[in-house]
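Engineer: File final-v6.cif below, mmCIF, C-alpha atoms:
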data_query
loop_
_atom_site.label_atom_id
_atom_site.label_comp_id
_atom_site.auth_asym_id
_atom_site.auth_seq_id
_atom_site.Cartn_x
_atom_site.Cartn_y
_atom_site.Cartn_z
CA MET K 1 27.85 -13.11 15.55
CA HIS K 2 26.21 -9.70 15.24
CA LEU K 3 26.13 -8.09 11.83
CA PRO K 4 27.70 -4.62 11.57
CA HIS K 5 25.11 -1.85 11.87
CA HIS K 6 25.30 -0.83 8.19
CA GLU K 7 24.74 -4.45 7.06
CA GLN K 8 21.74 -4.82 9.36
CA HIS K 9 20.34 -1.56 7.96
CA HIS K 10 20.90 -2.80 4.38
CA LEU K 11 19.07 -6.06 5.12
CA HIS K 12 16.18 -4.14 6.71
CA ARG K 13 15.93 -1.98 3.58
CA LEU K 14 15.88 -5.01 1.27
CA SER K 15 13.16 -6.74 3.30
CA GLU K 16 11.17 -3.48 3.46
CA VAL K 17 11.21 -3.15 -0.35
CA LYS K 18 9.90 -6.73 -0.63
CA ARG K 19 7.14 -6.01 1.90
CA LEU K 20 6.16 -2.92 -0.06
CA TYR K 21 6.10 -4.89 -3.33
CA TRP K 22 3.67 -7.38 -1.80
CA SER K 23 1.48 -4.97 0.12
CA HIS K 24 1.26 -2.26 -2.54
CA THR K 25 0.53 -4.75 -5.33
CA ILE K 26 -2.26 -6.46 -3.37
CA ALA K 27 -3.80 -3.14 -2.35
CA ALA K 28 -3.46 -1.71 -5.86
CA PHE K 29 -4.98 -4.78 -7.49
CA GLY K 30 -7.94 -4.60 -5.14
CA SER K 31 -8.43 -0.88 -5.76
CA TYR K 32 -8.04 -1.16 -9.55
CA LEU K 33 -10.82 -3.75 -9.61
CA ALA K 34 -13.13 -0.85 -8.85
CA ILE K 35 -11.49 2.56 -9.34
CA ILE K 36 -12.09 2.96 -13.05
CA PHE K 37 -15.80 2.23 -12.55
CA ILE K 38 -16.44 4.64 -9.65
CA PRO K 39 -17.43 7.71 -11.76
CA ILE K 40 -19.67 5.49 -13.92
CA TYR K 41 -21.16 3.88 -10.80
CA LEU K 42 -21.97 7.32 -9.34
CA LEU K 43 -23.81 8.27 -12.52
CA ARG K 44 -25.73 5.01 -12.52
CA ILE K 45 -26.97 5.50 -8.95
CA ASP K 46 -28.48 8.82 -10.02
CA PHE K 47 -25.83 11.39 -9.17
CA SER K 48 -25.40 14.08 -11.82
CA LEU K 49 -22.29 14.65 -13.90
CA LEU K 50 -21.64 17.85 -11.94
CA GLN K 51 -21.87 15.90 -8.66
CA VAL K 52 -19.36 13.35 -9.97
CA PHE K 53 -16.86 16.14 -10.69
CA ILE K 54 -17.57 17.69 -7.26
CA PHE K 55 -16.98 14.30 -5.64
CA PHE K 56 -13.48 13.96 -7.09
CA ALA K 57 -12.65 17.65 -6.59
CA LEU K 58 -13.53 17.30 -2.90
CA SER K 59 -11.46 14.12 -2.68
CA GLY K 60 -8.49 16.03 -4.08
CA LEU K 61 -9.04 18.92 -1.68
CA PHE K 62 -9.08 16.59 1.33
CA TRP K 63 -6.00 14.82 -0.04
CA SER K 64 -4.11 18.13 0.00
CA LEU K 65 -5.43 19.28 3.37
CA CYS K 66 -4.79 15.94 5.08
CA SER K 67 -1.25 15.37 3.74
CA PRO K 68 0.37 17.41 6.58
CA LEU K 69 -1.69 15.37 9.07
CA ALA K 70 -0.33 12.22 7.44
CA GLY K 71 3.23 13.57 7.67
CA ARG K 72 2.82 14.34 11.36
CA LEU K 73 1.39 10.90 12.05
CA ILE K 74 4.22 9.19 10.12
CA GLY K 75 6.74 11.13 12.22
CA ARG K 76 5.00 9.93 15.37
CA ILE K 77 4.05 6.26 14.77
CA GLY K 78 5.93 5.25 11.59
CA ALA K 79 5.13 4.86 7.89
CA ASN K 80 4.06 1.20 7.94
CA ARG K 81 1.46 1.82 10.61
CA VAL K 82 0.09 4.78 8.69
CA LEU K 83 -0.09 2.59 5.57
CA ALA K 84 -2.08 0.03 7.57
CA ILE K 85 -4.43 2.78 8.81
CA ALA K 86 -4.81 4.00 5.21
CA ASN K 87 -5.85 0.51 4.10
CA LEU K 88 -8.50 0.46 6.83
CA ILE K 89 -9.72 3.89 5.68
CA ASN K 90 -9.90 2.52 2.13
CA VAL K 91 -12.04 -0.35 3.37
CA SER K 92 -14.43 2.17 4.92
CA PHE K 93 -14.47 4.13 1.65
CA PHE K 94 -15.73 1.15 -0.34
CA ILE K 95 -18.27 0.31 2.35
CA LEU K 96 -19.55 3.90 2.05
CA LEU K 97 -19.77 3.52 -1.74
CA VAL K 98 -22.05 0.52 -1.27
CA LEU K 99 -24.21 2.44 1.23
CA LEU K 100 -24.27 5.52 -1.01
CA LYS K 101 -26.72 3.85 -3.37
CA ASP K 102 -29.49 4.08 -0.75
CA HIS K 103 -28.13 6.90 1.45
CA SER K 104 -27.23 9.87 -0.75
CA TRP K 105 -26.51 12.04 2.32
CA LEU K 106 -23.22 10.13 2.66
CA PHE K 107 -21.97 11.76 -0.57
CA TYR K 108 -19.68 14.37 1.01
CA ILE K 109 -18.47 12.05 3.76
CA THR K 110 -17.51 9.44 1.14
CA ALA K 111 -15.57 12.02 -0.89
CA ALA K 112 -13.75 13.22 2.24
CA VAL K 113 -12.84 9.66 3.27
CA ASN K 114 -11.47 9.02 -0.23
CA GLY K 115 -9.22 12.09 0.06
CA LEU K 116 -8.10 11.15 3.57
CA GLU K 117 -7.13 7.66 2.40
CA SER K 118 -5.11 9.06 -0.53
CA ALA K 119 -3.26 11.48 1.75
CA PHE K 120 -2.38 8.81 4.31
CA TYR K 121 -1.55 6.04 1.87
CA MET K 122 0.45 7.92 -0.75
CA THR K 123 2.43 10.00 1.74
CA ALA K 124 3.38 6.94 3.81
CA PHE K 125 4.12 4.79 0.78
CA ARG K 126 6.35 7.37 -0.93
CA ILE K 127 8.29 8.07 2.27
CA ASN K 128 8.75 4.37 3.02
CA PHE K 129 9.80 3.40 -0.51
CA SER K 130 12.17 6.35 -0.87
CA LYS K 131 13.91 5.26 2.34
CA ALA K 132 13.93 1.53 1.51
CA LYS K 133 15.14 1.65 -2.10
CA SER K 134 18.76 0.95 -3.01
CA PRO K 135 20.64 4.07 -4.20
CA GLN K 136 22.57 1.94 -6.71
CA LYS K 137 19.50 0.17 -8.15
CA ALA K 138 16.80 2.79 -7.71
CA GLY K 139 15.77 2.72 -11.38
CA ARG K 140 15.35 -1.06 -11.42
CA GLN K 141 13.40 -1.09 -8.17
CA VAL K 142 11.13 1.76 -9.28
CA GLY K 143 10.70 0.05 -12.66
CA LEU K 144 9.67 -3.22 -11.01
CA MET K 145 7.26 -1.42 -8.68
CA ASN K 146 5.71 0.43 -11.62
CA ALA K 147 5.51 -2.83 -13.60
CA LEU K 148 3.63 -4.48 -10.73
CA ILE K 149 1.25 -1.52 -10.54
CA MET K 150 0.77 -1.56 -14.31
CA PHE K 151 -0.08 -5.25 -14.11
CA SER K 152 -2.72 -4.42 -11.50
CA HIS K 153 -3.91 -1.45 -13.56
CA GLY K 154 -4.20 -3.68 -16.62
CA ALA K 155 -5.49 -6.99 -15.29
CA ALA K 156 -7.80 -5.79 -12.52
CA PRO K 157 -10.28 -3.66 -14.56
CA VAL K 158 -11.24 -6.50 -16.90
CA ILE K 159 -11.74 -8.85 -13.92
CA GLY K 160 -13.65 -6.17 -12.04
CA GLY K 161 -15.73 -5.41 -15.12
CA LEU K 162 -16.70 -9.06 -15.61
CA ILE K 163 -17.64 -9.41 -11.93
CA ALA K 164 -19.62 -6.16 -11.99
CA GLN K 165 -21.40 -7.20 -15.19
CA GLY K 166 -22.45 -10.52 -13.68
CA TYR K 167 -22.92 -9.78 -9.99
CA GLY K 168 -22.99 -5.99 -9.53
CA MET K 169 -20.54 -3.42 -8.21
CA SER K 170 -21.27 -4.34 -4.58
CA VAL K 171 -19.50 -7.67 -5.09
CA VAL K 172 -16.51 -5.89 -6.67
CA TYR K 173 -16.34 -3.56 -3.67
CA ALA K 174 -16.53 -6.55 -1.30
CA ILE K 175 -13.52 -8.18 -3.01
CA THR K 176 -11.65 -4.86 -2.87
CA ILE K 177 -12.34 -4.65 0.87
CA ILE K 178 -10.98 -8.17 1.46
CA LEU K 179 -7.79 -7.48 -0.52
CA GLY K 180 -7.33 -4.19 1.34
CA LEU K 181 -7.36 -6.08 4.64
CA VAL K 182 -4.96 -8.74 3.30
CA ALA K 183 -2.53 -5.97 2.20
CA ILE K 184 -2.13 -4.89 5.83
CA VAL K 185 -0.45 -8.17 6.85
CA PRO K 186 2.98 -7.60 5.20
CA LEU K 187 3.15 -4.08 6.64
CA LEU K 188 3.14 -5.30 10.23
CA SER K 189 5.73 -8.07 9.79
CA GLY K 190 8.92 -6.02 10.15
CA PRO K 191 10.54 -2.99 11.78
CA GLU K 192 9.94 0.63 10.82
CA ILE K 193 12.88 2.03 8.84
CA VAL K 194 11.70 5.65 8.64
CA THR K 195 13.10 7.85 11.42
CA ARG K 196 10.39 9.09 13.75
CA ARG K 197 10.57 12.83 14.40
CA PRO K 198 8.23 15.85 14.40
CA LEU K 199 7.19 17.29 11.03
CA ASP K 200 8.89 20.67 10.58
CA PHE K 201 8.22 22.56 7.34
CA SER K 202 10.74 25.24 8.32
CA LEU K 203 13.42 22.73 7.21
CA LEU K 204 12.10 22.90 3.66
CA ASP K 205 13.12 25.50 1.06
CA LEU K 206 9.91 25.87 -0.97
CA LYS K 207 11.64 28.00 -3.62
CA LYS K 208 14.16 25.24 -4.23
CA ILE K 209 11.48 22.57 -4.76
CA ARG K 210 8.86 24.66 -6.56
CA ARG K 211 9.57 22.91 -9.89
CA ASP K 212 9.01 19.54 -8.20
CA LEU K 213 5.72 20.80 -6.76
CA LEU K 214 4.59 22.04 -10.20
CA ALA K 215 5.54 18.68 -11.75
CA ALA K 216 3.59 16.81 -9.05
CA PHE K 217 0.56 19.02 -9.71
CA GLY K 218 0.84 18.40 -13.47
CA PHE K 219 1.03 14.64 -13.02
CA THR K 220 -1.98 14.53 -10.75
CA VAL K 221 -4.06 16.57 -13.23
CA ASN K 222 -3.24 13.95 -15.88
CA ALA K 223 -4.11 11.17 -13.41
CA ALA K 224 -7.44 12.85 -12.64
CA VAL K 225 -8.31 12.89 -16.35
CA ASP K 226 -7.45 9.18 -16.59
CA ALA K 227 -9.45 8.34 -13.45
CA VAL K 228 -12.58 10.46 -14.01
CA ILE K 229 -13.09 12.09 -17.41
CA TRP K 230 -11.72 9.33 -19.64
CA PRO K 231 -13.80 6.48 -18.06
CA LEU K 232 -16.93 8.61 -18.39
CA PHE K 233 -16.10 9.28 -22.04
CA ILE K 234 -15.45 5.57 -22.68
CA SER K 235 -18.82 4.72 -21.14
CA LEU K 236 -20.50 6.77 -23.89
CA ILE K 237 -18.86 4.56 -26.52
CA ILE K 238 -18.81 1.16 -24.83
CA VAL K 239 -21.80 -0.18 -22.93
CA GLY K 240 -21.22 -2.44 -19.92
CA TYR K 241 -18.61 -2.71 -17.20
CA ALA K 242 -16.93 -5.74 -18.85
CA GLY K 243 -16.25 -3.94 -22.15
CA ILE K 244 -14.90 -0.86 -20.39
CA GLY K 245 -12.62 -3.01 -18.25
CA LEU K 246 -11.36 -4.94 -21.29
CA VAL K 247 -10.31 -1.90 -23.35
CA SER K 248 -8.63 -0.49 -20.24
CA SER K 249 -6.55 -3.67 -19.86
CA LEU K 250 -5.21 -4.25 -23.37
CA ILE K 251 -1.91 -2.43 -22.96
CA VAL K 252 -0.78 -4.04 -19.73
CA PHE K 253 1.97 -6.39 -20.97
CA VAL K 254 3.58 -3.87 -23.33
CA SER K 255 3.61 -1.26 -20.53
CA ILE K 256 5.21 -3.71 -18.10
CA ALA K 257 7.97 -4.55 -20.61
CA VAL K 258 8.64 -0.86 -21.28
CA SER K 259 8.70 -0.01 -17.56
CA LEU K 260 11.23 -2.77 -16.77
CA TYR K 261 13.37 -1.75 -19.77
CA VAL K 262 13.40 1.91 -18.79
CA GLY K 263 14.18 1.06 -15.16
CA ARG K 264 17.33 -0.79 -16.21
CA ARG K 265 18.45 1.73 -18.81
CA GLU K 266 17.93 4.88 -16.76
CA ASP K 267 20.41 3.75 -14.11
CA LYS K 268 23.04 4.12 -16.86
CA ASN K 269 21.64 6.87 -19.11
CA GLY K 270 19.78 9.14 -16.69
CA GLU K 271 16.10 10.05 -16.57
CA ARG K 272 15.75 12.98 -18.98
CA PRO K 273 15.62 11.20 -22.40
CA TYR K 274 12.93 8.77 -21.20
CA ILE K 275 10.81 11.50 -19.62
CA THR K 276 10.98 13.50 -22.88
CA ARG K 277 10.07 10.50 -25.05
CA GLY K 278 7.23 9.40 -22.77
CA SER K 279 5.80 12.91 -22.41
CA THR K 280 5.58 13.19 -26.21
CA LEU K 281 3.70 9.88 -26.45
CA MET K 282 1.34 10.82 -23.60
CA PHE K 283 0.62 14.24 -25.13
CA THR K 284 -0.11 12.65 -28.51
CA GLY K 285 -2.44 10.05 -26.98
CA SER K 286 -4.24 12.62 -24.85
CA SER K 287 -4.73 14.90 -27.87
CA LEU K 288 -6.32 12.05 -29.84
CA ARG K 289 -8.88 11.34 -27.12
CA LEU K 290 -11.23 14.02 -28.42
CA ALA K 291 -11.42 12.20 -31.75
CA ALA K 292 -12.24 8.75 -30.30
CA SER K 293 -15.56 7.36 -31.52
CA THR K 294 -15.19 3.55 -31.51
CA ALA K 295 -13.87 0.83 -29.21
CA SER K 296 -10.83 0.35 -31.47
CA HIS K 297 -10.04 4.08 -31.15
CA VAL K 298 -10.21 3.80 -27.37
CA ALA K 299 -7.96 0.72 -27.38
CA GLY K 300 -5.40 2.43 -29.64
CA ILE K 301 -5.32 5.59 -27.53
CA ASN K 302 -4.98 3.53 -24.33
CA THR K 303 -2.04 1.72 -25.94
CA LEU K 304 -0.29 4.96 -26.88
CA THR K 305 -0.81 6.67 -23.52
CA GLY K 306 0.06 3.44 -21.68
CA ILE K 307 3.45 3.18 -23.39
CA GLY K 308 4.01 6.89 -22.76
CA SER K 309 3.18 6.46 -19.08
CA ALA K 310 5.58 3.53 -18.79
CA TYR K 311 8.37 5.68 -20.28
CA VAL K 312 7.59 8.64 -18.01
CA TYR K 313 6.65 7.24 -14.62
CA THR K 314 9.73 5.15 -13.89
CA PRO K 315 12.31 7.94 -14.51
CA TYR K 316 9.97 10.54 -13.00
CA PHE K 317 9.68 8.69 -9.72
CA SER K 318 13.39 7.79 -9.73
CA ARG K 319 14.16 11.50 -9.96
CA TYR K 320 11.51 12.21 -7.34
CA TYR K 321 13.05 9.71 -4.91
CA LYS K 322 16.54 11.03 -5.63
CA HIS K 323 15.39 14.50 -4.59
CA ALA K 324 13.81 12.99 -1.47
CA ASP K 325 17.27 11.72 -0.49
CA GLU K 326 18.69 15.24 -0.89
CA GLU K 327 15.94 17.10 1.02
CA PRO K 328 14.40 16.60 4.48
CA ARG K 329 12.51 13.48 3.42
CA LEU K 330 9.42 13.76 5.62
CA GLU K 331 8.72 17.41 4.78
CA TYR K 332 9.61 17.11 1.07
CA LEU K 333 7.38 14.12 0.34
CA THR K 334 4.55 15.50 2.47
CA ALA K 335 4.65 18.74 0.45
CA ILE K 336 4.71 16.77 -2.82
CA GLN K 337 1.63 14.81 -1.77
CA ALA K 338 -0.19 18.03 -0.85
CA ALA K 339 0.54 19.24 -4.40
CA ASN K 340 -0.67 15.90 -5.81
CA GLY K 341 -4.09 16.44 -4.28
CA MET K 342 -4.66 19.82 -5.99
CA ARG K 343 -6.52 18.50 -9.00
#
Could you take the file, read its structure, and then write that structure out as structure tokens?

Structural biologist:
Amino acid sequence: MHLPHHEQHHLHRLSEVKRLYWSHTIAAFGSYLAIIFIPIYLLRIDFSLLQVFIFFALSGLFWSLCSPLAGRLIGRIGANRVLAIANLINVSFFILLVLLKDHSWLFYITAAVNGLESAFYMTAFRINFSKAKSPQKAGRQVGLMNALIMFSHGAAPVIGGLIAQGYGMSVVYAITIILGLVAIVPLLSGPEIVTRRPLDFSLLDLKKIRRDLLAAFGFTVNAAVDAVIWPLFISLIIVGYAGIGLVSSLIVFVSIAVSLYVGRREDKNGERPYITRGSTLMFTGSSLRLAASTASHVAGINTLTGIGSAYVYTPYFSRYYKHADEEPRLEYLTAIQAANGMR
């Protein structure tokens, strides 16, 4: 017997969420093996501190500029296929990083490819997940996704640091490339659930979503500090990839527990109290960074900001996905990703 259309659609959404859990976790784990070390790696292959900042600024610029291209491509071929393309772009990015050591002229190309990958991947992922999630259990699903990412964020750096310490960053990049290719497999195993249609920004009321755009910009500035400035600062205190990876991994299990807790509670209590509590913790941790002078200081600050992030990110993204359901999804999330790149 044929299932009714709404039941078939519900089953497709459930299977799509599972595919995204698998694919995003594998891709994130592979990337987090290396991401925290990229600014340090650039310094160690003789690029200046100014060039490191230019590298990530250019990546952000290309992220913003390429987000509309990603939105158009999603509307034409589907979000899963764009995610698969983004994983292939990410593979090329890490290959370029390996080549960059002996071919400095690839500097700008590598930065541009990094931005292109972020635009394609994050736009497609957000659109796909916002469509696939359950309206009744959005908080729990977002909490579980964030917990999986936090596990990757916590466990991968220490593993990547140990590998880099013993075998060099090229080996870390090679493992990242392999995991990026593996992450493509779940994406191609099911149907597309995002409606294919042309991108049309005239459907979007920019005045109505300006607060969301400002929030997205604010979050990406904080993420840029965590990804670039903070690892460079840690490297002045802690010598060696392994030590840097270890202090970046200490908070993982507490953050996972907090993220799962918040995901369950926010479905009942709403997002606002958790965003307020987490923002306070993150602000306190960020303020203390200037005073860090030992490895224990770094570990304590990472713990505080990690708990704050776990409180904030789950309700923030639940609210974000809720707004995506209320607005023209393709245009709204494409605009949000363009704002995310402006760091």

Engineer: Name the residues captured by the PyMOL selection byres ((chain K and resi 21-32) around 6) when it is applied to the shown file; answer as a list in words.

Structural biologist: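 Those residues are Lys18, Arg19, Leu20, Leu33, Ala34, Ile35, Ser152, His153, Ala156, Thr176, Leu179, Gly180, Ala183 and Pro186 of chain K.
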
Engineer: Could those selected residues go to a file with C-alpha atoms, as a PDB file, keeping the file's coordinate frame?

Structural biologist:
ATOM      1  CA  LYS K  18       9.900  -6.730  -0.630  1.00  0.00           C
ATOM      2  CA  ARG K  19       7.140  -6.010   1.900  1.00  0.00           C
ATOM      3  CA  LEU K  20       6.160  -2.920  -0.060  1.00  0.00           C
ATOM      4  CA  LEU K  33     -10.820  -3.750  -9.610  1.00  0.00           C
ATOM      5  CA  ALA K  34     -13.130  -0.850  -8.850  1.00  0.00           C
ATOM      6  CA  ILE K  35     -11.490   2.560  -9.340  1.00  0.00           C
ATOM      7  CA  SER K 152      -2.720  -4.420 -11.500  1.00  0.00           C
ATOM      8  CA  HIS K 153      -3.910  -1.450 -13.560  1.00  0.00           C
ATOM      9  CA  ALA K 156      -7.800  -5.790 -12.520  1.00  0.00           C
ATOM     10  CA  THR K 176     -11.650  -4.860  -2.870  1.00  0.00           C
ATOM     11  CA  LEU K 179      -7.790  -7.480  -0.520  1.00  0.00           C
ATOM     12  CA  GLY K 180      -7.330  -4.190   1.340  1.00  0.00           C
ATOM     13  CA  ALA K 183      -2.530  -5.970   2.200  1.00  0.00           C
ATOM     14  CA  PRO K 186       2.980  -7.600   5.200  1.00  0.00           C
TER      15      PRO K 186
END

Engineer: Taking the file as shown, what set of residues would the PyMOL selection byres ((chain K and resi 143) around 7) give back, as a list in words?

Structural biologist: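 Selected by the PyMOL selection byres ((chain K and resi 143) around 7) in this file: Gly139, Arg140, Gln141, Val142, Leu144, Met145, Asn146, Ala147, Ser259, Leu260, Val262, Gly263 and Thr314 of chain K.
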
Engineer: CA of Glu117 (chain K) and CA of Arg72 (chain K), how far apart in Å?

Structural biologist: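 According to the coordinates, CA of Arg72 (chain K) and CA of Glu117 (chain K) are separated by 15.0 Å.
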
Engineer: Please measure the separation of CA of Leu148 (chain K) and CA of Asp212 (chain K), giving the value in Å to one decimal.

Structural biologist: 24.7 Å

Engineer: Can you give me, as a PyMOL selection string, the residues this file yields under the PyMOL selection byres ((chain K and resi 201) around 10)?

Structural biologist: chain K and resi 68+198-200+202-206+328+330-332+334-335

Engineer: Smallest atom-to-atom distance to Ala86 (chain K): which of K:Leu69, K:Ile109, K:Ala338, K:Ile184, using all atoms listed in the file?

Structural biologist: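 Smallest distance to Ala86 (chain K) is found for K:Ile184.
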
Engineer: Can you tell me which residues surround region 44-49 of chain K at a distance of at most 10 Å, considering all atoms listed in the file, apart from same-chain residues fewer than 6 positions away, and format the answer as a PyMOL selection string?

Structural biologist: chain K and resi 38+55+100-102+104+107+232

Engineer: Name the closest residue to Ile127 (chain K) among the candidates K:Val172, K:Val312, K:Leu83, K:Ala223; distances are taken between atoms, counting all atoms listed in the file.

Structural biologist: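 Result for the nearest residue to Ile127 (chain K): K:Leu83.
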
Engineer: For the atom pair CA of Ala111 (chain K) and CA of Phe56 (chain K), what is the interatomic distance in Å to one decimal place?

Structural biologist: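 Pair CA of Ala111 (chain K) / CA of Phe56 (chain K) returns 6.8 Å.
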
Engineer: When distances are computed from only C-alpha atoms, which of K:Pro191, K:Gly60, K:Gly218, K:Pro315 shows the smallest separation from Leu116 (chain K)?

Structural biologist: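 When distances to Leu116 (chain K) are compared using only C-alpha atoms, the smallest one comes from K:Gly60.
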
Engineer: Taking (12.2, 11.8, 15.1) as a centre in this file's frame and 8 Å as the limit, can you find every polymer residue with an atom that close, using all atoms listed in the file, and give them as a PyMOL selection string?

Structural biologist: chain K and resi 75-76+195-198

Engineer: Take every atom of region 164-171 of chain K listed in the file, fit an axis-aligned box around them, add 6 Å per side, and give the centre and edge lengths in Å to one decimal as lines of an AutoDock Vina configuration file.

Structural biologist:
center_x = -21.2
center_y = -7.0
center_z = -9.9
size_x = 15.5
size_y = 19.1
size_z = 22.6
